[in-house]
Amino acid sequence: MKPFALIISALIFWQSLLAQIIFVEQSSEPITKFRFRQLSGGVVLLKGTLNDNPDSLNFILDTGSGGISLDSATAKKLDLPLTPTDRTVKGLGGVRKVEYAMNNTLHLPGIMIDYLNFHVTDYYLLTTVYGIKIDGIIGYSVLNQYIVKINYDSSIIEFHTNGSIRYPRGGYLLKPAISTIPITPARIKDACLVNGRFYFDTGAGLSLLLSQQFARDSFLIHRKRNTVITQGEGLGGKLDLEFTYIRELRFGPYRFKKVPVFLFDDEHNVTSYPVLGGLIGNDLLRRFNLILNYEKREIHLTPNSHFHDPFDYSYTGLGIYYYNGIIEISDVIKDSPGEKAGLEPGDIIVSINNVIGADILQYKHILQSVTSRMKIIVRRNDQLLELTIKPRNITKRR
C-alpha cells in the first residue's frame, strides 16, 4: 500500500503546484502614456476623439464620476443617437434626468476604449468656468478597466493593463472603498477632532468640501471662526457656499495645516450624510503623484514637488466666467472685496495688474494673491474704468 500512498501524495503535490502556476496573476503591462493639461486646482484635462470623428475633444479625468459623460452640445454636434432613460445623475446643486449615447468608442493617444455608454448632460457652465470647451468627463467606466498613473510633476498620464504591480517606494497605499467613486477615511481637526469618510475626487478643483450638516452636527468649525459667502458651480448650476479653513487635515500619514474648506447645503444628499462628510478635492490631491488601481481597490500616493505649495486663501467675492470670447464678472457678493472695489455684475475684464489679454485661468491665478492690492481695468457701458481690489486672506481676522 505504501507505493500507492506515495503516488497519491505525488499527485496531490503536482496538482497543488499546477494550481499555483495557473493562478499566478499576470503582471500589469504599459499601454500608453501622454501629456495632459492642468486646469485650476490641478484638474486633469485629456484630449481625445470619439468614434470615427476626427475632431479633438476635451475630457476632465474625474475620480468623482461614477461613469462617463458627454456634453449635450457635443453630442448634438457629433450627431449621436440618444436613448431616453429614467435614470438620473446627482451632483452638487441638483439632480438631472439624463439620456445616453450608447456603445461609443473613445480614442486617447495610444489607446482605444470600446463599448462606452455616455450619459449626456449640459457642461456649458464648466466651459465658462475654465474658458475652454469641456466636452465630457471620464470616470469609473474607464478607470476601472486600467491602472492609471498621474504624474503632476511632468503632466504625464500612463495607462497600464490591470494586473500585479510594484508600487514605488516613499509613498503610501490607500485602501479606499470603491463601488464607483473612491471613499477614503480622513481625520480633520478644528474646534474638535473628527474622523470621517470622504469622496476622493480629482475632478473638484478645491481642497476640501463639506456638507453643512456634517460640519454642524460634528461641531467641527470653531465658533469664533469667520466665514464668507461665495459661489461655486455644480451639476445643477451655481450654488452658494461658505468659505473658511480648518486647522488640520490628515489622511494616511500625511498632514496639512490650515486647509481651505467650502461648506454647502447638501439639499440632495450628494455626500450620503451621515455616511460621508464631503469630498477631498484635487487642489490637495495634486500634491501627490497618483496610481489608481480600481481592480485592487488601491490608490498609491507619492508626495511630489507640489506637496508644500501654499493653499489658496484668497477671497474676492467675484464670480468670473468666460462668454463668447470675453471674461465677465457675473456675480459680486455683498460686502466682499469685489463690491468694496466698486466692481459690478456685467463688468468685462480688460486687464489685471497690467496683464492684458490673458485667459480666464491666468486672471483667476493673479487674483489668488493676498499680499498686495491690484489694479483691474474693466469695460462698463462702453467706458474703461480702473479700480483697485485687495483680496482678503480668509485665515486672517477682519
# chains A, B, ... in the order shown; residues from 1 in each chain; ligands from 1

call {"tool": "residues_around", "arguments": {"residues": "segment 58-63 of chain A", "least_positions_apart": "3", "cutoff": "6 Å", "atoms": "only C-alpha atoms", "output": "ChimeraX atom specification"}}
result
/A:44-47,134-139,201-203

call {"tool": "select_by_dssp", "arguments": {"residues": "segment 82-263 of chain A", "states": "alpha helix (DSSP H)", "output": "list of chain:residue names"}}
result
A:Tyr124, A:Leu125, A:Leu126, A:Thr127, A:Thr128, A:Val129, A:Tyr130, A:Tyr140, A:Ser141, A:Val142, A:Leu143, A:Gln212, A:Gln213, A:Phe214, A:Ala215, A:Arg216, A:Asp217

call {"tool": "write_last_selection", "arguments": {"atoms": "N, CA, C and O atoms", "output": "mmCIF file, in the first residue's frame"}}
result
data_model
loop_
_atom_site.group_PDB
_atom_site.id
_atom_site.type_symbol
_atom_site.label_atom_id
_atom_site.label_comp_id
_atom_site.auth_asym_id
_atom_site.auth_seq_id
_atom_site.Cartn_x
_atom_site.Cartn_y
_atom_site.Cartn_z
ATOM 1 N N TYR A 124 -22.058 73.409 -20.280
ATOM 2 C CA TYR A 124 -21.758 74.781 -20.689
ATOM 3 C C TYR A 124 -21.181 75.590 -19.524
ATOM 4 O O TYR A 124 -20.242 76.373 -19.709
ATOM 5 N N LEU A 125 -21.715 75.388 -18.319
ATOM 6 C CA LEU A 125 -21.210 76.137 -17.166
ATOM 7 C C LEU A 125 -19.742 75.828 -16.907
ATOM 8 O O LEU A 125 -18.949 76.730 -16.603
ATOM 9 N N LEU A 126 -19.343 74.549 -17.039
ATOM 10 C CA LEU A 126 -17.928 74.201 -16.866
ATOM 11 C C LEU A 126 -17.063 74.898 -17.905
ATOM 12 O O LEU A 126 -15.941 75.334 -17.610
ATOM 13 N N THR A 127 -17.572 75.008 -19.123
ATOM 14 C CA THR A 127 -16.829 75.716 -20.173
ATOM 15 C C THR A 127 -16.613 77.171 -19.797
ATOM 16 O O THR A 127 -15.522 77.722 -20.003
ATOM 17 N N THR A 128 -17.624 77.821 -19.218
ATOM 18 C CA THR A 128 -17.465 79.223 -18.817
ATOM 19 C C THR A 128 -16.517 79.374 -17.633
ATOM 20 O O THR A 128 -15.859 80.396 -17.484
ATOM 21 N N VAL A 129 -16.442 78.355 -16.788
ATOM 22 C CA VAL A 129 -15.546 78.400 -15.625
ATOM 23 C C VAL A 129 -14.084 78.311 -16.054
ATOM 24 O O VAL A 129 -13.229 79.060 -15.570
ATOM 25 N N TYR A 130 -13.785 77.382 -16.980
ATOM 26 C CA TYR A 130 -12.398 77.135 -17.369
ATOM 27 C C TYR A 130 -11.969 77.898 -18.618
ATOM 28 O O TYR A 130 -10.776 77.951 -18.932
ATOM 29 N N TYR A 140 -15.488 56.397 -13.749
ATOM 30 C CA TYR A 140 -15.349 54.985 -13.399
ATOM 31 C C TYR A 140 -15.382 54.048 -14.602
ATOM 32 O O TYR A 140 -14.665 53.041 -14.627
ATOM 33 N N SER A 141 -16.196 54.354 -15.604
ATOM 34 C CA SER A 141 -16.345 53.441 -16.745
ATOM 35 C C SER A 141 -15.027 53.161 -17.453
ATOM 36 O O SER A 141 -14.849 52.102 -18.053
ATOM 37 N N VAL A 142 -14.094 54.104 -17.394
ATOM 38 C CA VAL A 142 -12.761 53.912 -17.964
ATOM 39 C C VAL A 142 -11.766 53.512 -16.880
ATOM 40 O O VAL A 142 -10.962 52.587 -17.056
ATOM 41 N N LEU A 143 -11.828 54.182 -15.727
ATOM 42 C CA LEU A 143 -10.819 53.977 -14.692
ATOM 43 C C LEU A 143 -10.810 52.553 -14.147
ATOM 44 O O LEU A 143 -9.765 52.060 -13.725
ATOM 45 N N GLN A 212 -22.786 71.199 5.138
ATOM 46 C CA GLN A 212 -23.050 71.991 6.338
ATOM 47 C C GLN A 212 -23.597 71.119 7.456
ATOM 48 O O GLN A 212 -23.293 71.351 8.638
ATOM 49 N N GLN A 213 -24.374 70.100 7.097
ATOM 50 C CA GLN A 213 -24.937 69.205 8.106
ATOM 51 C C GLN A 213 -23.826 68.491 8.872
ATOM 52 O O GLN A 213 -23.875 68.356 10.095
ATOM 53 N N PHE A 214 -22.821 68.004 8.135
ATOM 54 C CA PHE A 214 -21.696 67.312 8.770
ATOM 55 C C PHE A 214 -20.939 68.264 9.693
ATOM 56 O O PHE A 214 -20.620 67.914 10.843
ATOM 57 N N ALA A 215 -20.629 69.466 9.192
ATOM 58 C CA ALA A 215 -19.877 70.430 9.997
ATOM 59 C C ALA A 215 -20.659 70.848 11.231
ATOM 60 O O ALA A 215 -20.096 70.987 12.333
ATOM 61 N N ARG A 216 -21.969 71.033 11.072
ATOM 62 C CA ARG A 216 -22.804 71.476 12.195
ATOM 63 C C ARG A 216 -22.953 70.370 13.246
ATOM 64 O O ARG A 216 -22.761 70.602 14.441
ATOM 65 N N ASP A 217 -23.261 69.162 12.799
ATOM 66 C CA ASP A 217 -23.534 68.076 13.754
ATOM 67 C C ASP A 217 -22.275 67.619 14.478
ATOM 68 O O ASP A 217 -22.356 67.077 15.585
#

call {"tool": "residues_around", "arguments": {"residues": "Tyr363 of chain A", "least_positions_apart": "2", "cutoff": "12 Å", "atoms": "only C-alpha atoms", "output": "compact mmCIF listing (two decimals) with N, CA and C atoms, in the first residue's frame"}}
result
# COMPACT_ATOMS: atom_id res chain seq x y z
N SER A 40 -7.22 74.87 -13.33
CA SER A 40 -7.10 75.39 -11.96
C SER A 40 -7.40 74.27 -10.97
N VAL A 129 -16.44 78.36 -16.79
CA VAL A 129 -15.55 78.40 -15.62
C VAL A 129 -14.08 78.31 -16.05
N TYR A 130 -13.78 77.38 -16.98
CA TYR A 130 -12.40 77.14 -17.37
C TYR A 130 -11.97 77.90 -18.62
N GLY A 131 -12.93 78.47 -19.35
CA GLY A 131 -12.58 79.22 -20.56
C GLY A 131 -12.12 78.33 -21.69
N LEU A 318 -15.96 87.60 -6.20
CA LEU A 318 -16.28 87.77 -7.61
C LEU A 318 -16.55 86.42 -8.27
N ILE A 320 -16.37 84.99 -11.86
CA ILE A 320 -15.81 85.36 -13.16
C ILE A 320 -16.02 84.20 -14.13
N TYR A 321 -16.57 84.51 -15.31
CA TYR A 321 -16.88 83.47 -16.29
C TYR A 321 -16.50 83.94 -17.70
N TYR A 322 -16.30 82.97 -18.56
CA TYR A 322 -15.92 83.22 -19.94
C TYR A 322 -17.13 83.02 -20.85
N ILE A 327 -14.27 87.88 -20.86
CA ILE A 327 -14.24 87.44 -19.47
C ILE A 327 -15.04 88.43 -18.65
N GLU A 328 -16.13 87.96 -18.11
CA GLU A 328 -17.12 88.85 -17.48
C GLU A 328 -17.25 88.55 -16.00
N ILE A 329 -17.41 89.61 -15.23
CA ILE A 329 -17.77 89.46 -13.82
C ILE A 329 -19.28 89.31 -13.75
N ILE A 349 -13.64 92.23 -17.94
CA ILE A 349 -12.25 92.42 -17.53
C ILE A 349 -11.39 92.67 -18.76
N VAL A 350 -10.64 93.78 -18.71
CA VAL A 350 -9.70 94.13 -19.78
C VAL A 350 -8.28 93.78 -19.36
N SER A 351 -7.93 94.06 -18.10
CA SER A 351 -6.60 93.71 -17.61
C SER A 351 -6.62 93.64 -16.09
N ILE A 352 -5.69 92.89 -15.55
CA ILE A 352 -5.45 92.85 -14.10
C ILE A 352 -3.95 92.99 -13.90
N ASN A 353 -3.57 94.00 -13.10
CA ASN A 353 -2.15 94.27 -12.87
C ASN A 353 -1.36 94.39 -14.17
N ASN A 354 -1.94 95.11 -15.12
CA ASN A 354 -1.31 95.40 -16.42
C ASN A 354 -1.15 94.18 -17.30
N VAL A 355 -1.75 93.07 -16.93
CA VAL A 355 -1.74 91.88 -17.79
C VAL A 355 -2.98 91.94 -18.68
N ILE A 356 -2.75 92.11 -19.97
CA ILE A 356 -3.84 92.28 -20.93
C ILE A 356 -3.97 91.02 -21.79
N GLY A 357 -5.19 90.63 -22.06
CA GLY A 357 -5.42 89.53 -23.00
C GLY A 357 -5.14 88.15 -22.45
N ALA A 358 -5.09 88.01 -21.11
CA ALA A 358 -4.86 86.69 -20.52
C ALA A 358 -6.13 85.86 -20.60
N ASP A 359 -5.98 84.54 -20.43
CA ASP A 359 -7.18 83.72 -20.38
C ASP A 359 -7.74 83.74 -18.96
N ILE A 360 -8.91 83.18 -18.79
CA ILE A 360 -9.61 83.29 -17.51
C ILE A 360 -8.84 82.60 -16.38
N LEU A 361 -8.14 81.50 -16.69
CA LEU A 361 -7.39 80.80 -15.65
C LEU A 361 -6.21 81.64 -15.17
N HIS A 365 -5.71 83.08 -11.38
CA HIS A 365 -4.47 82.83 -10.65
C HIS A 365 -3.91 84.13 -10.08
N ILE A 366 -3.96 85.22 -10.86
CA ILE A 366 -3.48 86.51 -10.35
C ILE A 366 -4.29 86.94 -9.14
N LEU A 367 -5.60 86.74 -9.18
CA LEU A 367 -6.47 87.17 -8.09
C LEU A 367 -6.30 86.32 -6.83
N GLN A 368 -5.53 85.25 -6.91
CA GLN A 368 -5.27 84.43 -5.72
C GLN A 368 -4.24 85.07 -4.80
N SER A 369 -3.59 86.12 -5.24
CA SER A 369 -2.60 86.79 -4.40
C SER A 369 -3.31 87.55 -3.28
N MET A 374 -4.33 95.19 -6.21
CA MET A 374 -4.11 95.05 -7.65
C MET A 374 -5.11 95.90 -8.41
N LYS A 375 -4.67 96.37 -9.55
CA LYS A 375 -5.50 97.22 -10.38
C LYS A 375 -6.23 96.38 -11.42
N ILE A 376 -7.53 96.63 -11.53
CA ILE A 376 -8.36 95.96 -12.52
C ILE A 376 -8.95 97.02 -13.45

call {"tool": "closest_residue", "arguments": {"among": "A:Lys258, A:His119, A:Arg225, A:Lys133", "to": "Glu242 of chain A", "atoms": "only C-alpha atoms"}}
result
A:Arg225

call {"tool": "closest_residue", "arguments": {"among": "A:Ile348, A:Leu173, A:Pro337, A:Gly232", "to": "Arg297 of chain A", "atoms": "only C-alpha atoms"}}
result
A:Leu173

call {"tool": "closest_residue", "arguments": {"among": "A:Thr271, A:Asn117, A:Asn282, A:Ser154", "to": "Phe36 of chain A", "atoms": "only C-alpha atoms"}}
result
A:Ser154

call {"tool": "select_by_dssp", "arguments": {"residues": "segment 60-215 of chain A", "states": "strand (DSSP E)", "output": "VMD selection string"}}
result
chain A and resid 60 to 61 68 to 71 83 to 91 94 to 108 111 to 121 136 to 138 146 to 151 156 to 161 172 to 174 177 to 178 182 to 189 193 to 200 208 to 211

call {"tool": "write_last_selection", "arguments": {"atoms": "C-alpha atoms", "output": "PDB file, in the first residue's frame"}}
result
ATOM      1  CA  ILE A  60     -11.837  66.010 -17.488  1.00  0.00           C
ATOM      2  CA  LEU A  61     -10.446  62.921 -15.705  1.00  0.00           C
ATOM      3  CA  ILE A  68     -18.595  58.592 -18.206  1.00  0.00           C
ATOM      4  CA  SER A  69     -20.421  61.575 -19.663  1.00  0.00           C
ATOM      5  CA  LEU A  70     -20.659  63.842 -22.681  1.00  0.00           C
ATOM      6  CA  ASP A  71     -21.752  67.446 -23.108  1.00  0.00           C
ATOM      7  CA  THR A  83     -31.558  56.899 -25.784  1.00  0.00           C
ATOM      8  CA  PRO A  84     -34.057  58.396 -23.297  1.00  0.00           C
ATOM      9  CA  THR A  85     -33.960  56.793 -19.844  1.00  0.00           C
ATOM     10  CA  ASP A  86     -35.494  57.224 -16.407  1.00  0.00           C
ATOM     11  CA  ARG A  87     -32.021  57.373 -14.867  1.00  0.00           C
ATOM     12  CA  THR A  88     -30.817  60.430 -13.019  1.00  0.00           C
ATOM     13  CA  VAL A  89     -27.381  61.730 -12.109  1.00  0.00           C
ATOM     14  CA  LYS A  90     -26.796  63.552  -8.847  1.00  0.00           C
ATOM     15  CA  GLY A  91     -24.254  66.311  -8.340  1.00  0.00           C
ATOM     16  CA  GLY A  94     -29.070  69.334  -8.386  1.00  0.00           C
ATOM     17  CA  VAL A  95     -30.371  66.071  -9.820  1.00  0.00           C
ATOM     18  CA  ARG A  96     -30.935  65.641 -13.541  1.00  0.00           C
ATOM     19  CA  LYS A  97     -32.624  63.030 -15.689  1.00  0.00           C
ATOM     20  CA  VAL A  98     -30.245  62.029 -18.482  1.00  0.00           C
ATOM     21  CA  GLU A  99     -30.205  60.489 -21.918  1.00  0.00           C
ATOM     22  CA  TYR A 100     -27.492  58.065 -23.025  1.00  0.00           C
ATOM     23  CA  ALA A 101     -25.271  57.833 -26.083  1.00  0.00           C
ATOM     24  CA  MET A 102     -24.760  54.082 -26.240  1.00  0.00           C
ATOM     25  CA  ASN A 103     -21.889  51.908 -27.431  1.00  0.00           C
ATOM     26  CA  ASN A 104     -19.270  54.509 -28.378  1.00  0.00           C
ATOM     27  CA  THR A 105     -15.504  54.258 -28.792  1.00  0.00           C
ATOM     28  CA  LEU A 106     -13.176  56.713 -27.055  1.00  0.00           C
ATOM     29  CA  HIS A 107      -9.755  57.281 -28.604  1.00  0.00           C
ATOM     30  CA  LEU A 108      -6.991  58.668 -26.387  1.00  0.00           C
ATOM     31  CA  ILE A 111      -5.369  53.616 -26.617  1.00  0.00           C
ATOM     32  CA  MET A 112      -8.875  52.795 -27.873  1.00  0.00           C
ATOM     33  CA  ILE A 113     -11.687  52.071 -25.398  1.00  0.00           C
ATOM     34  CA  ASP A 114     -14.810  50.413 -26.829  1.00  0.00           C
ATOM     35  CA  TYR A 115     -18.400  49.885 -25.743  1.00  0.00           C
ATOM     36  CA  LEU A 116     -18.771  53.024 -23.627  1.00  0.00           C
ATOM     37  CA  ASN A 117     -22.222  54.301 -22.709  1.00  0.00           C
ATOM     38  CA  PHE A 118     -22.054  58.059 -22.119  1.00  0.00           C
ATOM     39  CA  HIS A 119     -24.725  59.811 -20.131  1.00  0.00           C
ATOM     40  CA  VAL A 120     -25.400  63.179 -21.742  1.00  0.00           C
ATOM     41  CA  THR A 121     -25.729  66.423 -19.803  1.00  0.00           C
ATOM     42  CA  GLY A 136     -17.120  65.401 -21.295  1.00  0.00           C
ATOM     43  CA  ILE A 137     -15.943  63.746 -18.101  1.00  0.00           C
ATOM     44  CA  ILE A 138     -14.082  60.433 -17.854  1.00  0.00           C
ATOM     45  CA  TYR A 146      -6.894  50.063 -16.257  1.00  0.00           C
ATOM     46  CA  ILE A 147      -4.224  51.004 -13.787  1.00  0.00           C
ATOM     47  CA  VAL A 148      -3.794  54.742 -14.288  1.00  0.00           C
ATOM     48  CA  LYS A 149      -0.715  56.696 -13.207  1.00  0.00           C
ATOM     49  CA  ILE A 150      -0.953  60.501 -12.905  1.00  0.00           C
ATOM     50  CA  ASN A 151       2.294  62.452 -12.555  1.00  0.00           C
ATOM     51  CA  ILE A 156       2.197  62.784 -17.880  1.00  0.00           C
ATOM     52  CA  ILE A 157      -0.565  60.196 -17.565  1.00  0.00           C
ATOM     53  CA  GLU A 158       0.008  56.471 -18.126  1.00  0.00           C
ATOM     54  CA  PHE A 159      -2.475  53.666 -18.808  1.00  0.00           C
ATOM     55  CA  HIS A 160      -1.483  50.109 -17.862  1.00  0.00           C
ATOM     56  CA  THR A 161      -3.333  46.809 -18.048  1.00  0.00           C
ATOM     57  CA  TYR A 172       1.613  55.374   0.895  1.00  0.00           C
ATOM     58  CA  LEU A 173      -1.021  52.862  -0.211  1.00  0.00           C
ATOM     59  CA  LEU A 174      -4.610  53.885   0.443  1.00  0.00           C
ATOM     60  CA  ALA A 177     -13.839  51.617  -0.618  1.00  0.00           C
ATOM     61  CA  ILE A 178     -14.694  51.686  -4.328  1.00  0.00           C
ATOM     62  CA  PRO A 182     -13.364  56.003  -4.149  1.00  0.00           C
ATOM     63  CA  ILE A 183     -14.151  56.740  -0.500  1.00  0.00           C
ATOM     64  CA  THR A 184     -11.297  57.275   1.930  1.00  0.00           C
ATOM     65  CA  PRO A 185     -11.128  57.890   5.676  1.00  0.00           C
ATOM     66  CA  ALA A 186      -9.527  61.107   6.882  1.00  0.00           C
ATOM     67  CA  ARG A 187      -9.100  62.946  10.154  1.00  0.00           C
ATOM     68  CA  ILE A 188      -9.966  66.631  10.304  1.00  0.00           C
ATOM     69  CA  LYS A 189      -9.439  68.977  13.225  1.00  0.00           C
ATOM     70  CA  LEU A 193     -11.136  66.223  16.159  1.00  0.00           C
ATOM     71  CA  VAL A 194     -13.420  64.349  13.746  1.00  0.00           C
ATOM     72  CA  ASN A 195     -12.824  61.057  11.959  1.00  0.00           C
ATOM     73  CA  GLY A 196     -14.824  60.905   8.758  1.00  0.00           C
ATOM     74  CA  ARG A 197     -15.100  59.338   5.325  1.00  0.00           C
ATOM     75  CA  PHE A 198     -14.857  61.392   2.153  1.00  0.00           C
ATOM     76  CA  TYR A 199     -15.005  61.060  -1.610  1.00  0.00           C
ATOM     77  CA  PHE A 200     -11.586  61.031  -3.300  1.00  0.00           C
ATOM     78  CA  LEU A 208     -11.994  70.222   0.891  1.00  0.00           C
ATOM     79  CA  LEU A 209     -15.766  70.413   0.552  1.00  0.00           C
ATOM     80  CA  LEU A 210     -18.007  69.526   3.490  1.00  0.00           C
ATOM     81  CA  SER A 211     -21.752  69.408   3.888  1.00  0.00           C
TER      82      SER A 211
END

call {"tool": "closest_residue", "arguments": {"among": "A:Val43, A:Ile326, A:Val259, A:Leu80", "to": "Asp309 of chain A", "atoms": "only C-alpha atoms"}}
result
A:Val259
